[in-house]
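Peer 1: Can you read through this structure? Questions will come right after.
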Amino acid sequence: MSETPLLPTLDSVRRMRQQRRRFNCRNVSRLVLPASVVAAFLLFIFTASIVDKTGHRLPWKNQPDVVFPNFSHYISLQTLPHTHFPIHPDDDKRIVAIGDIHAMNQSLSTLLTKISYDPQSDTLIHLGDLVSKSKKLSSEPVLSFMSANHILGVRGNNDQKVIEWRAWRDWIVSLPRGREWLEDIDSIWSHIDGDKPSDEFNTWFKKSHKEWQSYVPNGWKLQGKHYKVAHDMSQDHYDYLRSLPLVLYAPTAHTYFVHAGLLPADPTREYSDPKQPLSHLPATANPEDDELTLRRLQELALLNEIPQNQDPWVLMNMRSLSKDGAVNDSKKGTPWSDLWNDVIGSCSLPATELPTNLSMHGSTTRTSINCFPSMVLYGHAAVRDLDVKRWSVGIDTGCAYGRRLTAVILDTKSLLPRTHSITFDASLQDSLIPYGDDGTAQIISVKCHA
């Protein structure tokens, strides 16, 4: 006879439930702790990925090694189509290249009036440095004219600094509390000249906003002239400056437009070095290529195969070459345009001679080559004023310093063979100069007034 199982009493049920609760709590705690660790690890990975992708550290972590995003926004090259150029004898098109304006809007208007500028037939090209060098002069009128009329041009070293400051401001605003910090700086300290030392500002900055000090790149000057242009300009002005290339290349005229300059060869290498683009035919050339194709390939090779011409700093700042061939922005040393004209001038004939050694040491060893000449129009070197050579024309004539604003005008006589000889006097403010293979260009300038 089987025993009948005893039914659990009420007390036994309560004891069983309590035991289950204690058991479940112990197991939950065992599960929760590892799960919390995993969750914390995943949160760390997620946060780290955000920091990495955005390119900066979060301000409240007070990290001294801030990772900056790219503020440069470089556009290396823009090619100017042939439709801008006068290529027929009865063509009334003109290319008007203007030197460094530096916000001198009245002088720009005077010059455009003097040359009878017609936007319907003329292509206006500025050579960079549109923005002001003086805190007393607004850059807004010149930037408005250029951006509203989609004027072509290249980027100058001062324009670049403004672009970088504006990109930096946009980045700071994107950070937690960044907007409030900038508002403090701009509301309290907009009256100071940030390009000059200010103990009062430095003391305030260190005391009130020390955590932000590492967010200002070394050497950058808050409330300096470039900072203030970046602060004041509209989004359209900023977009326009960012659209400017470092080099504007016109294959129709065999001309480069650039702010500071270009090199015809790497001056730190022997000319016979295979890395020198003029030491051989272009690598991409074909036996069936005609002269125009070979010429364009060579002109592109000068831009792409000479390392200095790939350096944005060189294109916007170069003035001279030292004895060892190093590029610098000083007025001391050999003007880069001397090297350009020595080398490119030797390309005036199908087969000519060039120095074997371009290291600036005066080597006289020469070798025969085949190459084609090309022109450079540039600004930047106000210290050299109007600098006209056979294959380069420098037209920063110091408008920012109350001197002159200068334009070079290319028309049909610039691109088509000339039928008469000319006499050139570099001392003349308005004159004809030799240009290109066998053409002429006109130089016109006006006195500058703020």
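Convention: chains lettered A, B, ... in structure tokens order; per-chain residue numbering from 1; ligands numbered from 1 as shown.
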Leaving out Gln160 of chain A and any residue of its chain fewer than 2 positions from it, which residues lie within 12 Å of it when counting only C-alpha atoms, given as a ChimeraX atom specification?
Peer 2: /A:71-75,128-131,154-158,162-167,226-227,229-230,238,240-246,259,312-313,315-317
Peer 1: Can you pull out the residues contacting Ile101 of chain A? Cut-off 10 Å, using only C-alpha atoms, and skip same-chain residues under 6 positions away; I want them as number ranges by chain.
Peer 2: A: 107-108, 126-133, 139, 142, 379, 396-400, 404-406, 448
Peer 1: Please, which residues in segment 83-153 of chain A fall within 12 Å of segment 186-201 of chain A when counting only C-alpha atoms, and what is the closest atom pair and distance in Å to one decimal for each, ordered by chain then residue number, as CSV?
Peer 2:
residue,atom,partner,partner_atom,distance
A:Lys133,CA,A:Asp195,CA,11.4
A:Ser134,CA,A:Asp193,CA,10.6
A:Lys135,CA,A:Asp193,CA,8.4
A:Lys136,CA,A:Asp193,CA,11.1
Peer 1: Just to confirm, what's the straight-line distance from atom CA of Ser322 of chain A to atom CA of Val343 of chain A in Å (one decimal)?
Peer 2: 17.1 Å
Peer 1: I need the residues of segment 99-132 of chain A that end up classed as helix (DSSP H, G or I) by DSSP on the backbone, written out as a list in words.
Peer 2: Asn105, Gln106, Ser107, Leu108, Ser109, Thr110, Leu111, Leu112, Thr113 and Lys114 of chain A
Peer 1: Taking only C-alpha atoms into account, which of A:Val376, A:Ile395, A:Leu262, A:Val388 comes nearest Ile98 of chain A?
Peer 2: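 Of all the options, A:Ile395 lies closest to Ile98 of chain A.
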Peer 1: With only C-alpha atoms as the counted atoms, please give the residues lying no more than 12 Å from Ser392 of chain A, apart from itself and same-chain residues fewer than 4 positions off, as a ChimeraX atom specification.
Peer 2: /A:254-258,260-264,335-345,373-379,386-388,408,433-436,441
Peer 1: Any chance you could export the current selection's N, CA and C atoms as a compact mmCIF listing (two decimals), in the first residue's frame?
Peer 2:
# COMPACT_ATOMS: atom_id res chain seq x y z
N HIS A 254 48.92 78.83 -72.18
CA HIS A 254 50.14 78.28 -71.60
C HIS A 254 50.57 79.12 -70.40
N THR A 255 49.59 79.36 -69.52
CA THR A 255 49.79 80.28 -68.40
C THR A 255 49.30 79.65 -67.10
N TYR A 256 50.07 79.87 -66.03
CA TYR A 256 49.65 79.52 -64.68
C TYR A 256 49.35 80.80 -63.91
N PHE A 257 48.21 80.84 -63.23
CA PHE A 257 47.89 81.90 -62.30
C PHE A 257 48.08 81.34 -60.90
N VAL A 258 48.89 81.98 -60.08
CA VAL A 258 49.18 81.48 -58.74
C VAL A 258 49.50 82.67 -57.84
N ALA A 260 51.80 83.00 -55.08
CA ALA A 260 53.20 83.28 -54.76
C ALA A 260 54.16 82.89 -55.87
N GLY A 261 54.00 81.68 -56.43
CA GLY A 261 54.91 81.29 -57.49
C GLY A 261 54.95 79.79 -57.72
N LEU A 262 55.72 79.40 -58.74
CA LEU A 262 55.94 78.00 -59.12
C LEU A 262 57.41 77.80 -59.43
N LEU A 263 57.84 76.57 -59.39
CA LEU A 263 59.21 76.24 -59.77
C LEU A 263 59.22 75.41 -61.05
N PRO A 264 60.22 75.64 -61.93
CA PRO A 264 60.31 74.86 -63.17
C PRO A 264 61.03 73.54 -62.98
N PRO A 335 65.36 85.34 -56.09
CA PRO A 335 63.93 85.27 -56.41
C PRO A 335 63.63 84.01 -57.21
N TRP A 336 62.55 83.33 -56.85
CA TRP A 336 62.19 82.10 -57.56
C TRP A 336 61.97 82.37 -59.04
N SER A 337 61.52 83.60 -59.37
CA SER A 337 61.25 83.94 -60.77
C SER A 337 62.53 83.96 -61.60
N ASP A 338 63.69 84.19 -60.96
CA ASP A 338 64.95 84.11 -61.70
C ASP A 338 65.18 82.69 -62.21
N LEU A 339 64.96 81.71 -61.34
CA LEU A 339 65.12 80.32 -61.75
C LEU A 339 64.11 79.96 -62.82
N TRP A 340 62.86 80.41 -62.63
CA TRP A 340 61.83 80.12 -63.63
C TRP A 340 62.25 80.62 -65.01
N ASN A 341 62.73 81.85 -65.09
CA ASN A 341 63.08 82.43 -66.38
C ASN A 341 64.36 81.84 -66.94
N ASP A 342 65.31 81.45 -66.07
CA ASP A 342 66.51 80.79 -66.57
C ASP A 342 66.17 79.46 -67.24
N VAL A 343 65.29 78.70 -66.60
CA VAL A 343 64.95 77.38 -67.12
C VAL A 343 63.98 77.48 -68.28
N ILE A 344 62.84 78.14 -68.04
CA ILE A 344 61.82 78.22 -69.08
C ILE A 344 62.30 79.03 -70.27
N GLY A 345 63.14 80.03 -70.01
CA GLY A 345 63.70 80.80 -71.12
C GLY A 345 64.51 79.96 -72.06
N PRO A 373 57.95 76.68 -73.60
CA PRO A 373 57.87 77.73 -72.58
C PRO A 373 56.44 77.92 -72.06
N SER A 374 56.33 78.45 -70.86
CA SER A 374 55.02 78.79 -70.29
C SER A 374 55.19 79.99 -69.37
N MET A 375 54.08 80.69 -69.14
CA MET A 375 54.06 81.92 -68.36
C MET A 375 53.52 81.67 -66.95
N VAL A 376 53.96 82.50 -66.01
CA VAL A 376 53.39 82.54 -64.67
C VAL A 376 52.98 83.97 -64.35
N LEU A 377 51.72 84.15 -63.96
CA LEU A 377 51.24 85.42 -63.43
C LEU A 377 51.01 85.23 -61.93
N TYR A 378 51.58 86.13 -61.12
CA TYR A 378 51.54 85.93 -59.67
C TYR A 378 51.48 87.26 -58.93
N GLY A 379 51.23 87.19 -57.63
CA GLY A 379 51.21 88.36 -56.77
C GLY A 379 52.17 88.17 -55.61
N LEU A 386 56.33 95.85 -59.19
CA LEU A 386 56.07 95.31 -60.53
C LEU A 386 57.32 94.55 -60.99
N ASP A 387 57.20 93.26 -61.18
CA ASP A 387 58.35 92.41 -61.47
C ASP A 387 58.11 91.67 -62.79
N VAL A 388 58.51 92.33 -63.87
CA VAL A 388 58.25 91.80 -65.20
C VAL A 388 59.50 91.14 -65.74
N VAL A 408 47.09 92.92 -65.43
CA VAL A 408 47.65 92.49 -66.72
C VAL A 408 46.48 92.07 -67.59
N ILE A 433 53.99 94.67 -72.76
CA ILE A 433 55.11 93.79 -72.47
C ILE A 433 55.03 92.57 -73.38
N PRO A 434 56.15 91.93 -73.66
CA PRO A 434 56.09 90.66 -74.40
C PRO A 434 55.34 89.63 -73.56
N TYR A 435 54.57 88.78 -74.23
CA TYR A 435 53.80 87.78 -73.50
C TYR A 435 53.69 86.50 -74.31
N GLY A 436 53.95 85.38 -73.66
CA GLY A 436 53.79 84.09 -74.32
C GLY A 436 54.78 83.91 -75.45
N ALA A 441 51.10 91.74 -73.90
CA ALA A 441 50.07 91.98 -72.89
C ALA A 441 50.19 93.42 -72.44
Peer 1: Would you give me, as a short mmCIF file (atom, residue, chain, number, x, y, z; two decimals) with C-alpha atoms, in the first residue's frame, the residues in segment 47-176 of chain A that DSSP reads as strand (DSSP E)?
Peer 2:
data_model
loop_
_atom_site.label_atom_id
_atom_site.label_comp_id
_atom_site.auth_asym_id
_atom_site.auth_seq_id
_atom_site.Cartn_x
_atom_site.Cartn_y
_atom_site.Cartn_z
CA LEU A 77 44.09 72.94 -59.34
CA GLN A 78 41.41 74.38 -61.56
CA THR A 79 41.70 74.41 -65.35
CA ARG A 94 39.91 89.68 -72.58
CA ILE A 95 41.55 88.09 -69.55
CA VAL A 96 42.09 90.65 -66.78
CA ALA A 97 44.43 89.46 -64.00
CA ILE A 98 44.63 91.69 -60.92
CA ASP A 122 36.02 90.03 -69.94
CA THR A 123 37.14 87.28 -67.59
CA LEU A 124 38.39 88.77 -64.34
CA ILE A 125 40.97 86.76 -62.37
CA HIS A 126 42.40 87.86 -59.04
CA LEU A 152 37.74 83.48 -60.85
CA GLY A 153 40.92 83.60 -58.83
#
Peer 1: Considering only C-alpha atoms, can you say which of A:Gly333, A:Pro69, A:Pro217, A:Gly99 comes closest to His380 of chain A?
Peer 2: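 Using only C-alpha atoms, His380 of chain A sits closest to A:Gly99.
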